[in-house]
Each structure stands twice: as structure tokens, then as C-alpha cells.
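Engineer: Sharing a structure here in C-alpha cells format.
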Amino acid sequence: MKKDYSFWSLFAKGLRHNEGWDPAWRSATPKPSYNVVIVGAGGHGLATAYYLAKDHGIRDIAVIEKGYLGGGNTARNTTIVRSNYLWDEAALLYEHALKLWEGLTEDLNFNVMFSQRGVFNLGHTLQDMRDIERRVNANNLNGIDALVLDAIEVKRRIPILNTSKSARYPVLGASFQPRGGIARHDAVAWGFARAASKYGVDIIENCEVTGMDIADGRISGLETTRGTIRSERVGCVASGHSSVLAKMAGIRMPIESHPLQAFVSESMKPVLDTVVMSNAVHGYASQSDKGELVIGAGIDHATSYTQRGSPHIIEHTAAAIIELFPIFSRVRMNRQWGGIVDTTPDACPIISKTKVKGLYFNCGWGTGGFKATPGSGNVFAHTIAKDEPHPLNKAFSLDRFSTGHLIDEHGAAGVAH
Amino acid sequence: MTDFRIRHPNARVDFRRPLSFSFDGQVYPGYAGDTLASALLGNGVRMLGRSFKYGRPRGIVGAGPEEPNALVQIEAGPLTIPNLKATQVELYEGLIARRTSGWPTLAFDLKSFCGPLSRFMPAGFYYKTFQNQKLWPYFETIIRQAAGYGSAPEEADPETYDHRHRHVQVVIVGGGACGLFAALDLGRSGLNVVLLDEQNEMGGWLLSSPHTSIGGESAEAWLRAILAELQSLPNVAVLTRTSAFALHDMNLLLAVEQLQDHRPLAERSESKPRQRLHRIRADRIILATGAIERPLVFGNNDLPGVLTASALTTYLNRYGVAVGKRVVLQTSNDHVYQGACDLARMGCSVVLADTRSRPNTVWEQRAHSAGVDVRPGYGIAAAHGGRTTHAARLAKLDGEQNTVLAPGPLIECDVVGSSGGLSPTVHLYCHDGGRPLWDESRLAFVAPEMGRAEAGIFCTGAVTGTFGLQAGLEQAQRVTDAVLASLQKSATRKARNLETDEPDSIPARRIFRVPDGKPEGHGKKAFVDFQNDVTAADIHLAVRENYRSIEHIKRYTALGFGTDQGKLSNVNGFAIAADAMGKSIPEVGTTTYRPAYSPVTFGTLAGAHEGDTFEPRRYTAMHAAHVKRDAVFENVGQWLRPQYFLRPGEDRDAAVRRECLAARRTVGIMDASTLGKIDIQGKDVREFLNRIYANAWTQLAPGKCRYGLMLDENGMVMDDGVTACISDRHFLMTTTTGGAARVLTWLENWHQTEWPDLDVYMTSVTDHWATAAVVGPKSREVLAKVCSDIDFAPSAFKFMDWREGTVADVPARVFRISFSGELAFEINVDASYGPHVWEALLEAGAEFGIMPYGTDAMHVLRAEKGFIIVGQDTDGSMTPFDLDMAWAVAMKKPFSFIGKRSLARSDTSAPNRKQLVGLLTEDPTVVLAEGAQIIEQSDLEPPVPMLGHVTSSYFSPELNRSIAMAVVRDGIQRRSEEGRKLGRDAVFAYADGKTHKVKVVSPVFVDPEGARQNA
Amino acid sequence: MREPIPQSPLHAFGLASQARAVDEGCGVWANEIALLGYISLRGNSADPAFVNKVTSVTGVPLPVEPCSFATSGGIKVLWLSPDEWIIVCGGHRLSDILGGLRSGLEGIRSQIADNSGGYTQVLLKGRNALDVLQHASVYDFASLAPGRVVGTTFGKSSVYAHRMDEGFCLLVRRSFADYIWRYLARAAAPYGLGIAALEATGHAGHGVAA
Amino acid sequence: MFVLFCPHCREKREEEEFGYGGEAFRVRPVAPETADDETWGDYLFMRKNPKGWHWELWTHTTGCRKFFVVKRNTATNAIAGSWTLAEGRNVYDAEGGAG
Ligand SMILES: Cc1cc2nc3c(=O)[nH]c(=O)nc-3n(C[C@H](O)[C@H](O)[C@H](O)COP(=O)(O)OP(=O)(O)OC[C@H]3O[C@@H](n4cnc5c(N)ncnc54)[C@H](O)[C@@H]3O)c2cc1C
Ligand SMILES: NC(=O)c1ccc[n+]([C@@H]2O[C@H](COP(=O)([O-])OP(=O)(O)OC[C@H]3O[C@@H](n4cnc5c(N)ncnc54)[C@H](O)[C@@H]3O)[C@@H](O)[C@H]2O)c1
Ligand SMILES: Cc1cc2nc3c(=O)[nH]c(=O)nc-3n(C[C@H](O)[C@H](O)[C@H](O)COP(=O)(O)O)c2cc1C
Ligand SMILES: [Zn+2]
């Protein structure tokens, strides 16, 4: 792929009043049929298309998006990237993604601003600390960087953190993954869109899938708001809307769609140079390169597709953030929003073939799929191209919900985000 | 220093009350009633900061929440506040403000060197550069240092916050003419009304146009009368300094009231909160939030000294400040004329470029007579200046197309104002899913008058695009009638004179970007969003690069991302994007309006939920007794439990050792009050328990207890505990400390939704009972001393029996159960008597050396016996069989108990699952880490297959060696005898870089026959 | 051996010693009504046998109207749900009521549990009592009429609150009492909090402070 | 944040008083032992999760502790009503178990 973004191109185009820039991606109108159609132009869907084209040589691909590309959860997440998951299946999948992250900017010729500033998962109870120890040891054995820090060391590294013993839930220690961090969410979607488009992938926005043409247990096409599109291979990557698509195919999903909220503060001078997560106190924070604190809130208990949640969740999170960082009490929330997350019973994704031949689902990432974006696209592309799961996503099939082989990341590992 | 004050009587500042304040270290005078912005402008201070990307000088643009530039840091130390808009900071004596941008100094800003390079830093600049992942951290550090406005405090917040939940019939947001008028009518009808406004006084735009006459009265008099009447109505609450920042589902309005920030530091009340969050649930909401004037976009429109025209008017009329003496205004509409006239009358020279070739003739006349030089058909191509504005270059515009016909004159001036029309403040209307409508005749996104009436949301005034005052008041009347009707009431009002002196308005010109005769990107920078340095050219570039959805444009350029959330910039941005794409504005649409309308402190959001009241701490009745004995506490769920009791000279290990040995050798006592206790009664109790628990309850006789395992429907252990049969129809269930509430809800759920026909009721009695576990070989003797009405003889009171009696003169239930494997009794009394009984037991036990012990010792004692702790030795993926507890599962019960079916699934019933075992290290002094991973080989080349993990691990004082419990793949087969035969009993435990060889054994380390507990 | 002396959940705050006569100096007056008898009662309100029996034992007509309570002869019965009540009585009446209910409801679908150790009550009055509740709870307390009881939130915990002519009374679980009192004291601080002396009538609504 | 009418307390209360119980009227197989793994898995985990009208279970946690059902539109958060379990069942059945 030609690397046409560089300091040099900025200079050259700048001299000509920036008039010479090409579209980052082509906006396509739907063709009557495609070899593969991906439903959902979030990070995962676009990454899937990109890897299908790049690794599997399939170029006749459409990515169909009901709104604007990257406008789903990709646009609304707190961008935490880490791979320190407990169970082998999850850890290896997320680590696969993390490795891809580490070369993504160069691969896409698009700076996704992947900032490996490290991720802390705080422990506040003895049980938290046992879980942290367990997870860190598992990570090490899986070749994932992780360490356990005691409260003194945590305080040394994050001086603004409240480690007082008189806190309601004092910080007892933390796990730390140095290679974890954050990335610029929009850039991930745009970077994949641009790279996929260069391979000839059609990106079709403002086109909603409204029905599926299924006969004899195989899929032959999609009904959309922009007409029928034929294809015998369809990958659905619709996060919060996965149940809606599954219903079109007559499949039931072990998914509930809940609002998950986040908010940002006003932009401030740097005060927090890492990512801090606390499950027990329910707050997550990092500071973006622009200076605003990016804070993840809790999940609404009730399901909803409204992309907005209840304010008491935000209030609780603000309280948690002050409990962790008392100096933020006078800092102000600038904007608050919600996304619709597709939660599964075991807090692990579904990357799977279905009963319908040619129909594949990649969903159930819930509160934490952004970090998996390149990895998820990569293994899903494999699954679609080969009609066979990649070894890394074998365990994430739908049949685990009848065999009982759940990969329960709820239990010990800090799941959310 | 020049004085820009015009001390006229209509000003809302009190010229008899001078104040002094400082900005960036320089002291200035001001007056009570000033904002920091008006006071600075009154002193001729123009430049307040530098721009985010290019370091360009920036000054005040607006006069309210729309301000994008003038972000200041107020005060220092723990009271400091970052990023306040100078236009919203009320002045008080001694106020200290500092700039938040401009480094190293405001006058000399390093970033300004980027200015000339700006053409190489267009929108999307970052994405196209810094592509080396190794070097990126260095670039990133530089980028981060350059970004950000104010600074967070460095200390915890000394002030407090609270919430207030209000439930009202009507809440009215906005105390401008329309909101006030609505409040009056609704208040008179006796409704329960809250009227709020974010400003320090009610009046809205009327405060900026005091000469306007309403029904023959001056606006000022009209206002005074309404406010006086509102104050007299007990059913109307009027809240000033209260900003509604969010509207949520079902008419929940969130507003934050400022209670302290406007007061001098010394006058702030210690007992009152700084800010209060009002959570207002209203039957009806009236949004009378007005409109904010948007500027026009033109070259160098970001110079200090370029403001919105209405801001100039507000500074003049409301604050008595003429921002400049030589004013050039440009407009697309009629709104500016009043202000232009006012400025001229107050002695300013005013040139007014009306982009329309035919202005409103009435206004034109009025302007002429006030001395305003009106230039029809002209716009401002560019402002000139540096740290302030010196001149404006006009351009003759085409009457139809937004193009330049001819260059116009360069007019020297010291201030420029522009008006591109009013943008209704539709934010709240849109927060819970409402969409604003584009009104082409008013060139505005408006909220409809009937809002979403079916949901109880109504709108009136400028927010609906009704920009005329008289029309607004008439509308307010209509809307109140509709609100009243919807509440089955009607207005009782006499006809009144609402006539104003406004001329009929004529349409505005559809212009957003004033042309300068050059292609976009070639001329002077024309800013759309000041805070994020987004120019018109950036928007064009985004469109060229196919970022054509308005959301992409926003995200690519950062349009509307700032602390002003695009109040001035968004509509201009949408329009410029529409033009660039050849689309109409409604086709382009708006970005999503989200809370907060104005930023709100985390402290306010948290309210009282910080410090001591962050989350409940639950205490047992004996808590004081534990504190007295130097207990160190552990959080278990919300409870505080003694973890161990420190004696002088001891560390944790020594204390735990002492406590354990007491329980094993003589007698210990533990506060077990936190265990959940659920009283269950009814004739179907046994059947109910049979369904809920894995084991069987049909045979348990009164006076007996039994341990039970509770599974979830997925077959995994979710809770455990001992349940006692009080009578055939009465059982007492105990649950884990953390699980109590969940289990009760679980029981109720099954009972209410699935088995309502079962005759059972359950009630939590957790708090009623205080529980003391007396544990150890001497426990029987201790109890005998304080209890004479129970026969403690081993044959009369057996293990797993319970008895009713009197302990230390208090009625008690005594359970002979044991979580330590020792002879033990749990004494339950009414918690009011808990402290008494506790002390009595300690007194009675003194001769045996009784010692209180905490959860640490409890853990060791139970692990020595291989007893599990749900949540520690299990993690939601363990079945009873995995725990080797088949004895606690009655597979033959007729009803398929909860979780049973799941146990039979292919994976759940697989033979080689992870199973609970004991572990012994080769070196008895090594205590494994809890959370150590079990591996087959000691080779550590990743990925290393893992067999399980250590769940519990302690040094056992009784055995004088370490012990551990673990879940290990196929663990049961690996245990001692069998495992040895197969050669699989040796595995390794890995933690923190070290491995230890361990032997897989039975988890029961002490007294496997149970002789002690049965003694 | 020492005499058994009961301790109320708010014992540690030493409220009794701070109590004084209510005056205009404080906007909020509160105190613990300590050490009463509390009986959790469940049963079928559609079963006249149950209703009549309970009424005859307590002497208080069993409130079956949602969110209502009834008082008579120093005994108060609060409706908690369609099949759940709490009976509040002086400590001296506890055992005879418990006994009466147990024998009277023999064979009738019901549950009777002594919960006396599990609860306490906080009386809240004064001109700003309502404000305090509005700070602490999401419930619309302004609309809570005398004679009504609600179960609702209080900060991050919950209470049963009922309104009497003289003010509000919060029924609080023992282990949460410390938190609730601290929360209440914080909410009341801007208005001034006084510890109100309670009339020692032995009445369930005006018990003796401990 | 919702306001839900509790059919037992017979008052409208704020969402914070309630707990969410997920999809209502899920049917536990009467004879779990004879259900195959897939049927049982469906009961355990599969949810309608509709975008639109949804019958759901709530508990009045801080109030009467009763479970009841609510019909709510998950696309708009509009609420059609709340009923006791028994009443709700009738309405639900009359609608043909829609949603
Ligand atoms: C507030 C919040 C914070 C989060 N924080 C983190 C975090 O810190 N770290 C982390 O790893 N993860 C986080 N997540 C989760 C993460 O955002 C998601 O898991 C991830 O972005 C999912 O990506 P996706 O591409 O699958 O989905 P999306 O980006 O949602 O893309 C799915 C797309 O499908 C489209 N679509 C749906 N239905 C149709 C249809 N019928 N026809 C056509 N198109 C359709 C949608 O419009 C959407 O664009 C967070 C999520 C939220 C909401
Ligand atoms: N020329 C101008 O710039 C301008 C601007 C607005 C209104 N007006 C004119 O003023 C007259 C009265 O109009 P009106 O009553 O509709 O508007 P208004 O602007 O006079 O009043 C609106 C009020 O709402 C308040 N407000 C807005 N959002 C708020 C929030 N979220 N929380 C709390 N307070 C909030 C503002 O502080 C303001 O006081 C009309 O004639 C109108 O055209 C002129
Ligand atoms: C990591 C991250 C940082 C953000 N920072 C800002 C910000 O500084 N200012 C802002 O207005 N919005 C910010 N947003 C929020 C977006 O404006 C927007 O609300 C969010 O992407 C959801 O989209 P929606 O509000 O259009 O539905 C941020 C979002 C994310 C995910
Ligand atoms: Zn209720």
C-alpha cells in the first residue's frame, strides 16, 4: 500500500493550500452483489473487511453501515486497550489484538495514536488482590506483560491517587500492564476504512440492513434501505444491534443490549499520564492527549437502545472518581454520552458461524471490545474466508451456551472496558 | 490604563460599590455586579489567552455561557477552579484570576511560532504524521504539554456539595421575558412551579435592552413588577445562578445551583454547600432558554476586540462598558440595530455594515437618527490587528450570491462586532432524544412551540425561533394556556397590553461565512470554532477528504468539542459544511446535543457521596468492643469485620498465629454477626429449600442444622451456609456475608415469579441477631458458665444441633456448628444485647485465656479443615462436584432443583474439570501466594499451560507448616494415593516469577475424622 | 454477672446526653427513638382470618391500604408490602404480642419474626425536616401525607419513612444506622441540627431515648 | 432515568428504588431433565432483547420488594404500563406474548 500520509505529504500539500488531499475513503453506492458483505462499519467491521482483503485476497467486499462509519460504540468508548485477561482463551485473543495494535499505525499509514502509557487495575479488598495475583500470574505464563504492585508502589506511580487507609475502600494494590494504554478511537475507524477502501472495499454508509434473504438454511442476500444486496457470505458486526440482526435471521442470541455511559471533563494540563481502572469503586479514568479526562461510567441495568443512560449512574461514577482522585472534585464534566453495549452471560464475545450457512456473527464484546478491534477483525476475516474459526476464536462459538463451556471473565478478572 | 466605563443608570452594576481583583498578577478595579469579563473589558484588557493550536492572541467574544476563549483559572490552592469562562465569573472583592493559555507568557507565546506553519497543520494533521510507534511517545509528550487549559487543584476539595430532589408540576428553564411571563401565569394559577436561570439575576435579554418598552412600561419596570409578584407567590420557587445542564427521560431536569462561588473567600459559609444539584422531576417542562447570537465567520475574526454584536450590547447596557469607542458592526439581520443605536447614543462612533443590500427601513432610520453609519450591502472581509483590533476591511457583497463584488474601505476601529443571527438554545430540548427543526425563514434550528407536548415538554420565546419580544410574550401566553389545559386547569387572566416598540422585522440574509474574494484557505484565517482553532478552510478540507457526515466533520476538525460545546460555532460549521457539499442545512443536520449544557463539577454530581458518606459502612453491634481491643478491620461487602486484633509488639502474622492457637488449644471468640440470616416460614418450607438448595431438606428434624449449597441455574455454586430447622414450618437460613441481599432477592424472585403457590414467606433477620462464635476445646466450659438452661453434655447437645436458652441472662439461640473444625457454639441474641453478651463471654472465658479472633484466623482455621469460602475458593465456574461435595447434592429429589439440569451438560459434566484440592509445598515454610497458578512443569517458556490456581493459602500454626487449597484440572484424580500411583500428584505453583513444587492432597489437613467438632 | 443492658444502634453517638427542648434555633431536630420492639409480619391481607387475628392481637386495625400505617394504644403497624408489615411496640409489649400472634395465627399462612434487634427509628422534625429528606432521598417527600409510609432510598441505603403530625420518622436497619445518621447530619448541617428531647411516654412513636 | 409505577405500592417511584430483572415470562422447562442441552441453553441464556416493546421484570427493591412486570419500549424508553405478575401475565397473553 502506498504510504501517502507523511510529514512530506503534509508539507507538499500545505504549500498548495491543502487542496490536493484525496478522500480518505471512497463512499460507494451499493452494487447488486458482493462476494462478502460485512454489516456494521464499526472498528470491528472495517477491520474485518481490511483483513479479508489484505490477508485473504478477497476484494469484492461491501461494508454496510446504517449511520456514519465508526459512529457506534467505536465513537463512544473510553479507548482503553489492554490484554491482561484471566482465561487463556480471552487473554490470547486480546494479546493477539495488542500485538496488532503495536504495528497498526504503520500498517494503516494512519496514526491511530496508540499510546502505551500502561493500565492499572486497582485492588481494594483482599479478594481483589487475590484475583489480581491470579490474573497477573496467568498473564505472565501466557507471555503477557503484567505485574502486581503494592499500594506504596501504586502511590509512587500515580501520586494523585488517594491511597489513604481511611478511604471507604482503601487501595491495597494493583495490577499493571505497561503495554496497555489508549488509542484515538475515531482514527481507528478511519484508518481501517481508508486502508480497506484502498483495497477496493466498498464502504456504504446510511444504508440499514432491514432483512435477510435466507432459504434452505443459507443466506443469499440482504434487504437494505438502499435496496437488495446479494451475497452468500455475510458477517454481522453490529455490536448493540446484534439481536436485531439475529432476529432477521431467525436466530436467538445470548445478548442483552444495555446503555453504557462515559463522560469527559474540560481540557486541562496533564495530571494523569496512565490509565486507572477500579472495579470495586466503579470508576475508570485516563487523560487524553487533548487534556480532557475520559471517564467510563457503569452500565445501566435495564436494557435500552437509546444511546443514553440514567444520570444516577454518572453521579455514582463521579463520586467514585473523587474517591480515587480527590483533586478532581472541582473539575467539571464537559460532555456525557452513552453507547449500546451487547453483553453476554460470560462477558466474552461471540465470534462464530451460525446455523445459517454463510452467516457469521461477531458480537457480544459488551463493555470492552475496542481493545480487540484489530484482533477481532483479523480472526473474523479468517472465520469468514475459511468458513472455519481461527484457532484463537474457536472457543468463542455460540455452542458454548449449550455445552456450558462458558469463559467466565466476570468472575475474577476485571472485565469492564 | 484607559477607562471603558460608561456609568449610565440602567447598568446592572453598582458603581457605588467598587471592588478590586487581579488578573495574571495585575490588580484592577471593578464593580459589584460585574463579571470578570465586563470588569476586564472595562479596564481595556483585551488579550486573555492564546489559541490552542496556533498560539494566536485571543480575547473575550461573548458575554455568557457561549464564551469560547476567555477561560480563566480562579483562585489558588485547594479552592482553585480551572477553565471558568470569564463571562460567567461574578466579580467579588479580592478575586484572583489567571490565564490558562499562553506559555511562557501571554505576550510571548511559544505556540505562536506555529502560526506561520499553520498551513502544514491542517485538520487531521496528527493522523497523517508521527507514524513511527517507537517515536510516538516522545511526540505525544510534547503534544500533551502543549494541550489543555487550566489546571486541576493539587489538593482535595475543602468545600461540599449536595443534591436536592424536587418533584414539581412545572419547571421553567430560563428567566428571560418569556420564562418570567410563563412563571407568572402558572404561579397565579396556584401550580407548584420552579423557575430557574443560570444568571445572577432574572431577566435574560431584557437586562441587555432596558429601553425596550412593553405595554408602555420600560423593560426594567416590567421586570421589577413581575419579579416582585413572583417572590410573593409561595408556590413558586425562583432559583438564580442555577444552570439546567441536562434533561433526561420522563422530564427529569438536572440543574446546578451556585451557592458560594460569587462570594469573597472570607464570606463563604462553612456549613453550606458550594453547589447544589437539583434533580427536578416535573410533570411539565417549559423551555424558555432563549437564543445565543452567532457571529459571522470572516478573516481574522478571532482577534481580541472582535465580539458578537449582542455581547457588545450587553456589555454596554448591562455592565456599563463600551468595549471600544470606534465600533464597526456587521450583520445579517435586524437584531443588532438596537445595540448599534445604544452604542452611538452613548458616544461611540458606529459603522454598521448590513450584508443585506436593503436593510429594514425603520431600523435604518432609527440608526441614522442615533448617528449610526449604516452601510447596506457590505460585509467585513477581514479584521486587522494583532493583540487587539485596529481596523476592519469591508467588502461590497453581491446581493444574491455570497461573493465579493468589490473591495470596500478599510475602517479604523478598536472593536468589531458581528451578528449572523440568533441560534436558539435548543440543547436541553434535544438531550432526551428531541431533534431541532431547521427553520429556513429564521435561519435557525428551533425547538417547536408545542415541543413534545405529549411528553410534557413545551417551549417558548427565542428558543422556538420567535425572536420578537411581543410575539414571544404572546406565545408564552399560548404555551401557558396549553400547559394549564394539559393539567386540567385554565388561566384566569385579564387581557393585557403586550405591545412593544419593536419594528416589524424583515428577513435576515442567509450568510454565515463572509466572503473575502479568495478561495477558501487562501485568505486570512476565518475561525468557526475558536476554542479548537477550527477554520472554515478546515471544514472544507474535511469535506474534500470525504469526512462528509457532520459527525465526521465534527470529529475530524474538533468543531464543537470545547467547553462551549459549539454554542457559537456549531450552526456556522453546519452551514459552511452544507455549502461545501452543495447540500441544504437540514440535509447536513446537527451533531448530537448532549449534557452538560454548561460544565458541572464532579463534586456536584457526587453530592454527599464522598468521604464518610461515600458508601455505607455497616457495623455489627459489637463494633465498639472490637475497636477497644485494637482490631484491624477488613471490608467484607459493605461490612467492616475485625481482620485480626493487634497486641503490643505484634505484627499481623503473630496476631493471627496467636488467635488460631487459642481457638485450637483453648478457646477463641469471633463476631459472626455479618452472616446473612433469612427467616423462612410456611408449611412448604421444606419443599422450597429442596428446590433452592442442592441438598435435601425433607428429613431435617427440629433442633437440627444442615449445611447447604446453593447453585445458580447455570449449575455453579453461588452461596452456602447452615440452615436450621426451628420447626416443621419454620427454618432459619444463613448466607455468606456478601451474599445476603442477593440471596434474599433470589429467593423472593423464585417464589414470586415461579412458585407463588408454595406456602412460604421469608424475611431478613440479619440485623436482628448478633452472633458470637465461641470456638475451641474449652468452649463448652465457657458456655456452661453463662448459660444454665441448656444441657451442654455431648450426648444432649450434638454437633449440628441448636438449642434455645438464656446466655448471660439474655434469651439466645445456640447453634453447635463449626467453621473451624473445633468444638464450637454460635450464640445468637437480639443485637441490642450483643455487646453485653460479648463482654460476658469474654469475662467467662478469661480463665481459659479466651481470645477474640478475626477473619484472618477464621480463614486459617477453616482452610485447615478444607472448608470453602464461596467467592474465594469458587469463582462462578465451580460446580459442587468440582468442589468434591457430591455429598451436598441430592440428585434424586423429585423437583429438579435450581442448577441441577446444567450439571448434566457436556462440558459441565466432563470428567477432567478443575477441582478443589489441597496442596502441600515441599518446603513447609513456603506459603504460596493466593492466586499462584498451577502448572505441570517448571519450564516457564510461554505460553505455559495452566492447570488451575491457588485459592487459599496460609501458614498453619496448628501444623506448623504451610497449607493451601487450589483448584486443579483433574485434581481429584491427582490427590495423594491415587495421584501418586498415576505419578500425577506433583505439580508446580507459579507466582511472581518463582515456582514451587507442590503435592496435591486432600484439602482436609486437620482432624479429617471430625473428632474435635464432634467432641 | 452484669445486668444485661441493651444498646441501641445509634448508641455510639451519645444522642441522649445532647438532647434538648426544641426551639427556633435549629431548622432540623432529630433523635433516635431507641429500643422498641419490632415484629416482622407477613401474611395474606385478602384472608379475613389473618387480618382479624392480627387486628385483635395488636389492637390496631391492620393497614391493608398500600403505603399506610395505623396506630393505637402505643402500637404502630406499618404497611410494607401487600403481604408484609412491621409492628412497632414498646419493649414490654413485645413478648405478649409475639405470643399472641404465634398462637393466633397457628395454621394460617403467615410469618412472624422478632426483628427488635434489627431496627431503630429516627425522628425528624423542624421547619427544614422536609429539606433534609429531599437531600437524602429520591422520594417525593413533600407529597407524603401524615398517615403514610414509604420504603425508599436514603443516600446509598434505604429506609422506611412515615409521616406523623409532628414530623417524619425513619425506620432504619441497625447496621446502616451509623451511615444514615451521618448522612442526615450532613444534610441537616446547612439548616442547623438540634438533638431533640423526646417525651418519654413509652408510646411506640415517642419511645424513650437510650 | 425512569419513573415506574409500582402496582403494589400504587405510586410512581424513581428508578433508583427498583432493580431490573430482565426479560419477563421466560419459561423454565417443566421437565428440565428431558430438555436437550440446546433447549436448556436457550432457556438459560437466549434473550429476545428486542428493539421496541419489551416485557420485563422489575423489583421494588427499597420499597415493597415485590416483583412486577413493565412493558417498555427499548427504542424510546416509553412505558406502556406496569402490572403485578398475575395481571401482567394476562395482558401479555392477550397480546400473544408479543415483543
Ligand atoms: C461508554 C463506552 C465505553 C467503552 N469503553 C471501552 C474501553 O475503554 N475499552 C474497550 O476495549 N472497549 C470499550 N467499550 C466497548 C467498545 O466500544 C465496543 O466493544 C467496540 O467499539 C465495538 O466495536 P464494533 O465495531 O463491534 O461496534 P460499533 O462501533 O458499535 O459498530 C457497529 C456498527 O453496526 C452498525 N449497525 C447496526 N445495525 C445495523 C444494521 N441493521 N444495518 C447496518 N449497520 C448496522 C452500527 O450503526 C454501528 O456503526 C466501551 C463502550 C462504551 C459504550
Ligand atoms: N439579541 C440577542 O442576542 C437576543 C438573545 C436572546 C433573546 N433575545 C430576545 O429577548 C427576548 C426574550 O427572549 P427569551 O425570553 O426567549 O430569551 P432570553 O434570552 O431573554 O432568556 C433566556 C434565559 O434563559 C437562561 N438560560 C438558557 N439556558 C439555560 C439553562 N440551561 N439553565 C438555566 N438558564 C438558562 C438564560 O440565562 C437567559 O436568561 C426576545 O425578544 C428575544 O428575541 C435577544
Ligand atoms: C475518548 C473520547 C473523548 C472525547 N472527548 C470529547 C471532548 O473533548 N469534547 C466533546 O465535546 N466530546 C468528546 N467526546 C464525546 C463525543 O463528542 C461524543 O459525545 C461521543 O463520541 C458520542 O457521540 P454522540 O454524542 O454524537 O452520540 C469524546 C468521546 C470519546 C469516546
Ligand atoms: Zn412497591
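Identifiers in this document derive from the order of the C-alpha cells: chains are assigned A, B, ..., residues are numbered from 1 separately in each chain, and ligands are numbered from 1 in order of occurrence.
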Within 6 Å of ligand 2, counting only C-alpha atoms and all ligand atoms: which residues, as a PyMOL selection string?

Structural biologist: chain B and resi 173-179+196-199+203-206+242-245+288-293+310+335+461-463+467-469+597

Engineer: Write a file of the just-selected residues containing C-alpha atoms, as a PDB file, in the first residue's frame.

Structural biologist:
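Output file part01.pdb follows:
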```
ATOM      1  CA  VAL B 173     -35.915  26.954  32.387  1.00  0.00           C
ATOM      2  CA  GLY B 174     -34.873  30.471  31.573  1.00  0.00           C
ATOM      3  CA  GLY B 175     -35.910  33.652  33.309  1.00  0.00           C
ATOM      4  CA  GLY B 176     -35.957  35.883  30.259  1.00  0.00           C
ATOM      5  CA  ALA B 177     -39.081  37.768  29.334  1.00  0.00           C
ATOM      6  CA  CYS B 178     -40.849  34.650  28.127  1.00  0.00           C
ATOM      7  CA  GLY B 179     -39.930  32.382  31.009  1.00  0.00           C
ATOM      8  CA  LEU B 196     -34.589  28.866  37.205  1.00  0.00           C
ATOM      9  CA  ASP B 197     -31.941  30.776  35.372  1.00  0.00           C
ATOM     10  CA  GLU B 198     -28.227  30.395  35.279  1.00  0.00           C
ATOM     11  CA  GLN B 199     -27.530  34.080  35.597  1.00  0.00           C
ATOM     12  CA  GLY B 203     -34.374  38.997  33.062  1.00  0.00           C
ATOM     13  CA  GLY B 204     -32.386  37.380  30.278  1.00  0.00           C
ATOM     14  CA  TRP B 205     -32.028  39.589  27.251  1.00  0.00           C
ATOM     15  CA  LEU B 206     -34.168  42.305  28.823  1.00  0.00           C
ATOM     16  CA  THR B 242     -28.961  27.763  38.642  1.00  0.00           C
ATOM     17  CA  SER B 243     -27.976  26.203  35.374  1.00  0.00           C
ATOM     18  CA  ALA B 244     -30.070  23.407  33.949  1.00  0.00           C
ATOM     19  CA  PHE B 245     -27.460  21.183  32.428  1.00  0.00           C
ATOM     20  CA  ALA B 288     -37.634  29.347  27.671  1.00  0.00           C
ATOM     21  CA  THR B 289     -33.933  29.155  27.185  1.00  0.00           C
ATOM     22  CA  GLY B 290     -33.684  31.948  24.650  1.00  0.00           C
ATOM     23  CA  ALA B 291     -31.108  32.150  21.944  1.00  0.00           C
ATOM     24  CA  ILE B 292     -27.466  32.904  21.530  1.00  0.00           C
ATOM     25  CA  GLU B 293     -26.246  35.173  18.830  1.00  0.00           C
ATOM     26  CA  SER B 310     -25.035  41.218  21.239  1.00  0.00           C
ATOM     27  CA  HIS B 335     -31.172  42.261  15.930  1.00  0.00           C
ATOM     28  CA  GLY B 461     -39.558  32.505  23.262  1.00  0.00           C
ATOM     29  CA  ALA B 462     -36.402  32.748  21.259  1.00  0.00           C
ATOM     30  CA  VAL B 463     -35.760  29.009  21.649  1.00  0.00           C
ATOM     31  CA  PHE B 467     -37.283  36.385  18.091  1.00  0.00           C
ATOM     32  CA  GLY B 468     -39.692  39.262  18.540  1.00  0.00           C
ATOM     33  CA  LEU B 469     -40.410  40.190  22.127  1.00  0.00           C
ATOM     34  CA  TYR B 597     -25.323  22.427  28.719  1.00  0.00           C
TER      35      TYR B 597
END
```

Engineer: Taking only C-alpha atoms into account, find every residue of chain C that has an atom no more than 8 Å from chain B, and write it out as a PyMOL selection string.

Structural biologist: chain C and resi 1-9+12+35+40+42-43+109-111+113-119+131+134-140+155-157+173-176+178-179+182-183+186-187+189-190

Engineer: Go through the chains and note each residue within 6 Å of ligand 4, using only C-alpha atoms and all ligand atoms, then give the set as an MDAnalysis selection string.

Structural biologist: chainID D and resid 6 8:9 60 63:64

Engineer: Which polymer residues have any atom within 8 Å of an atom of Phe527 in chain B, counting only C-alpha atoms, with same-chain residues fewer than 6 positions away left out, as a count of residues only?

Structural biologist: 10

Engineer: With a cut-off of 12 Å and counting only C-alpha atoms, select all residues of chain D in contact with chain B and give the selection as a PyMOL selection string.

Structural biologist: chain D and resi 1-4+12-15+18-22+24-45+57-62+64-69+75-79+84-86+88-89
